[in-house]
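Let me begin by presenting the structure, written as structure tokens, before commenting on it.
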Amino acid sequence: MSKPSVRALASGSFVFLAILSAGAAVFLVLAWDTPLRPTEFGTRGYAIAWSMVLGGVGAVLASRRPKNPIGWIFCGLGLVAGVLAFATEYARWALDVRGGVPPAGVYAAWLVEWIWIPLITGVAIVAAIFPDGRFLSVGWRRAMWVGIAISLVPTTLNALIPHLTVFAGVDNPLGMEGRRVQNAAAASTTLMLPILLVGAASIVRRFRRSRGEERLQLKWLTLSTITVASVFAVYGVLVIVQGTASLEGRHLVWLVWLENLTVLAFLAVPVSVAFGVLKYRLYDIDIVINKAVVYGAIAVFITGVYLVVVIGIGSLIGYASNPVLSAIAAAIIALAFQPARRRAQRLANRFVYGRRATPYEVLSQLSSRFANTYSLDDALPRLARVSAEAVGAERATVWLTGSGLLRPTASWPSDDGVAPLPMFGDDLPPFRPRETGFLVRHQGDSLGAISVVMPASEPLGSTQGKLLEDVAAQAGLVLRNVGLLEDLRASRKRIVAAQDERAKKLERDIHDGAQQQLVALSVKQRLVATLVGTDDERARAMLDELQHDTTDALESLRDLARGIYPPLLADKGLAAALQAQARKSPVLASVEGDGFGRFPQEIEAAVYFCCLEALQNAAKYASAASVTIALSASNGDLTFSVADDGVGFDPTTTARGAGLTNMRDRLEALGGTFEIHSAPDRGTTLRGRIPVPPT
């Protein structure tokens with residue numbers, strides 16, 4: 001069927017329905033002064049509202065989703081409700097205003113008696129096939145057919161009762177004689193429960209197994225179902241109260257208002273179905289459902305307390321309307337309200353979130369898990385898992401910043417294919433499709449990010465985004481500690497590697513230098529021994545060479561020793577050792593800082609080698625003409641700076657070499673700090689500080 005034909009059919013059904021509703025409205029106005037019969041349900045014209053809402057929703061759904069049978073079923077239900085509305089208002093006008101003339105009013109009253117049953121049956125069918133128009137399985141389809149067959153029993157019996165009940169006092173023109181038929185018809189309405197249970201069980205089953213888009217759609221129908229169930233439960237309790245106790249007139253007013261509220265609540269079902277099919281992403285429905293469950297549970301609790309105390313105890317003592325019992329009930333409600341509200345909230349959280357934790361529970365879990373409960377190695381994987389489970393994400397990743405990159409550190413579930421991303425200042429880079437990132441800060445520093453990948457059919461909502469922002473704010477200290485731990489481990493590896501490299505270099509220097517010289521000395525000594533007595537002149541010449549070679553070997557060993565720990569540093573101190581190195585530098589160098597005392601050996605060595613490394617860098621890479629080394633000691637700290645007038649560089653874009661990294665490691669190992677200040681064509685200044693322990 002083409003789209004124009006579909007729209008014409010859907011629009012035609014609504015036009016016919018509108019005509020029925022208009023006719024019903026005419027007879028409603030004509031019989032407006034006629035009071036409602038005590039056996040009638042709800043307010044005047046409620047069936048007109050039902051027909052217009054059901055038919056309108058059906059026409060919209062059928063025209064926009066013609067392959068989904070839900071829209072066409074609603075079109076049919078709207079027509080049934082329209083017939084119910086027209087028959088109700090026409091029967092009231094014909095029977096109560098015109099006194100039974102014309103006789104067609106009796107047949108209209110007969111329709112009212114049983115046509116509401118197919119209406120409820122159709123709503124149950126919609127519940128069973130919502131949202132895609134298909135049953136869960138063949139078994140569920142068979143169960144619904146069985147329910148429909150059972151519903152034919154009350155439909156038939158209500159159509160054949162001898163005396164009508166809604167329009168009491170009117171004989172059924174098609175009825176069967178006998179009291180048994182009347183009683184059987186009244187009892188048969190309970191047979192509607194199977195089809196209602198099949199519809200409700202189908203919703204529950206489908207909701208538990210649903211994911212993504214389908215779960216979003218089912219939440220709307222769940223909201224309306226909870227609303228109807230809550231209102232109907234309170235109404236049913238008060239009906240029982242009305243039937244078992246002698247109450248004042250004000251309680252009857254309550255029932256009238258609850259009947260009207262129940263009528264309006266039933267209208268929420270087709271509206272929620274329309275939203276579920278067409279606009280299921282429009283609102284953050286989880287919060288609405290959560291509040292509906294809480295308020296519904298509290299309403300049932302208050303009604304139950306009133307029923308037990310005022311009606312139950314009042315009936316036993318013979319004072320059902322005793323004001324003292326009402327005061328006692330109010331006191332019980334006041335005392336138990338908070339515990340009842342907390343239990344209702346837990347019930348709502350469990351219903352809405354299921355195994356997924358509530359936002360408060362997520363933050364509470366993070367606090368407990370990060371309070372020295374788990375090692376830092378385990379903290380980031382758990383952070384990723386909690387973040388993913390909190391919002392129902394397919395994957396969550398925890399990132400750390402470093403060297404201008406955003407590096408993936410932990411993912412849940414594990415994803416080894418995630419590559420680092422470049423950072424541009426403090427702004428997060430663009431992530432992969434469907435992935436949203438949240439920046440993690442601590443004391444104003446950007447430490448990393450938490451990103452989640454949501455299902456394609458369930459994008460990240462505003463509440464979920466706010467929750468992840470709170471998680472990212474709480475995770476700042478954790479990422480700070482993890483970053484420090486990674487830096488410590490990396491520095492340890494670098495120190496070990498530097499020590500190994502230094503040992504290898506020392507071994508090469510000894511092998512290629514002093515060892516070769518000593519081997520040559522040994523060979524020459526053996527040769528001199530053979531020349532003594534045979535060629536004394538040559539022996540004396542070789543002894544002179546041995547003396548010179550021995551001096552060279554000694555100097556080589558001294559040079560090696562100075563590289564390990566300079567004797568001048570141990571003897572004269574830091575300033576004297578640096579001044580000696582400045583005199584040997586190929587760049588004009590000066591040392592400022594005479595007159596301060598000695599410091600612990602490890603501190604002097606750290607500053608000495610850092611300044612030496614900076615001096616060598618200035619000579620090799622900076623093309624500097626002069627270098628100034630400044631030393632100072634104040635406030636318990638030893639500080640130094642090495643400034644050159646070379647070409648400079650950009651520290652934010654230039655990778656640090658092994659020399660700068662080793663300088664930082666040396667200082668941080670002693671609790672110090674290291675800073676680099678440089679810019680192109682403006683030279684470079686390296687500053688360091690080491691706290692001096694009190695003696």
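Ordered as shown in the structure tokens, chains take letters A, B, and onward, while each chain numbers its residues from 1 and ligands are numbered from 1 in the order shown.
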Which residues, written as a list of chain:residue names, have at least one atom at most 8 Å from Ile603 in chain A, with only C-alpha atoms counted and residues fewer than 6 positions away on the same chain left out?
A:Leu670, A:Ile690, A:Val692
With only C-alpha atoms as the counted atoms, please give the residues lying no more than 12 Å from Arg480 in chain A, apart from itself and same-chain residues fewer than 4 positions off, as a list in words.
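So the residues in contact are Leu376, Ala379, Leu380, Trp399, Leu400, Thr401, Gly402, Val440, Arg441, His442, Gln443, Gly444, Asp445, Ser446, Leu447, Gly448, Ala449, Ala473, Gln474, Ala475, Gly476, Leu484, Leu485, Glu486 and Asp487 of chain A.
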Only C-alpha atoms, please: the residues just picked out, written as a PDB file, in the first residue's frame.
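Below you can see part_39.pdb, which holds the result:
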ATOM      1  CA  LEU A 376      47.017   2.175  42.318  1.00  0.00           C
ATOM      2  CA  ALA A 379      42.510   1.801  40.561  1.00  0.00           C
ATOM      3  CA  LEU A 380      42.302   2.811  36.901  1.00  0.00           C
ATOM      4  CA  TRP A 399      43.472   8.399  29.747  1.00  0.00           C
ATOM      5  CA  LEU A 400      46.578  10.067  31.170  1.00  0.00           C
ATOM      6  CA  THR A 401      48.337  13.140  29.792  1.00  0.00           C
ATOM      7  CA  GLY A 402      52.057  13.271  29.183  1.00  0.00           C
ATOM      8  CA  VAL A 440      40.034  15.118  34.740  1.00  0.00           C
ATOM      9  CA  ARG A 441      41.674  17.958  36.656  1.00  0.00           C
ATOM     10  CA  HIS A 442      43.402  18.326  39.997  1.00  0.00           C
ATOM     11  CA  GLN A 443      44.408  21.691  41.429  1.00  0.00           C
ATOM     12  CA  GLY A 444      43.966  23.275  38.013  1.00  0.00           C
ATOM     13  CA  ASP A 445      46.196  20.785  36.186  1.00  0.00           C
ATOM     14  CA  SER A 446      44.876  18.618  33.345  1.00  0.00           C
ATOM     15  CA  LEU A 447      45.771  15.054  34.290  1.00  0.00           C
ATOM     16  CA  GLY A 448      43.768  12.970  31.835  1.00  0.00           C
ATOM     17  CA  ALA A 449      40.253  12.078  30.829  1.00  0.00           C
ATOM     18  CA  ALA A 473      36.088  15.444  39.414  1.00  0.00           C
ATOM     19  CA  GLN A 474      36.470  12.779  42.088  1.00  0.00           C
ATOM     20  CA  ALA A 475      39.102  10.869  40.112  1.00  0.00           C
ATOM     21  CA  GLY A 476      41.529  13.817  39.943  1.00  0.00           C
ATOM     22  CA  LEU A 484      53.360  10.232  40.200  1.00  0.00           C
ATOM     23  CA  LEU A 485      53.706   6.486  40.513  1.00  0.00           C
ATOM     24  CA  GLU A 486      54.324   6.126  36.764  1.00  0.00           C
ATOM     25  CA  ASP A 487      56.889   8.942  36.875  1.00  0.00           C
TER      26      ASP A 487
END
Distance query range 535-543 of chain A at most 10 Å, only C-alpha atoms, self and fewer than 6 positions along chain excluded, as a VMD selection string
chain A and resid 524 to 525 527 to 529 549
Take CA of Arg142 in chain A and CA of Arg65 in chain A and report the distance between them in Å, one decimal.
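CA of Arg142 in chain A sits 25.2 Å away from CA of Arg65 in chain A.
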Need the shell around Pro694 in chain A: protein/DNA/RNA residues with any atom at most 12 Å away, counting only C-alpha atoms. Skip same-chain ones fewer than 4 positions apart. Format as a PyMOL selection string?
chain A and resi 599-600+635-637
Residues at most 9 Å from range 111-127 of chain A, counting only C-alpha atoms, excluding those fewer than 2 positions away in the same chain, as a PyMOL selection string?
chain A and resi 69-70+73-74+76-78+80-81+83-85+87-88+91+106-109+129-131+133+144+147-148+151-152+154-159+164-167+189+192+195-200+202-203+221+269-270+273
Tell me which of A:Asp171, A:Gly683, A:Asn481, A:Val627 sits closest to Arg583 in chain A, counting only C-alpha atoms.
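Between A:Asp171, A:Gly683, A:Asn481, A:Val627, the residue approaching Arg583 in chain A most closely is A:Val627.
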With only C-alpha atoms as the atoms that count, which of A:Pro567, A:Pro586, A:Gly100, A:Pro651 lies nearest to Ala605 in chain A?
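Counting only C-alpha atoms, the residue closest to Ala605 in chain A is A:Pro567.
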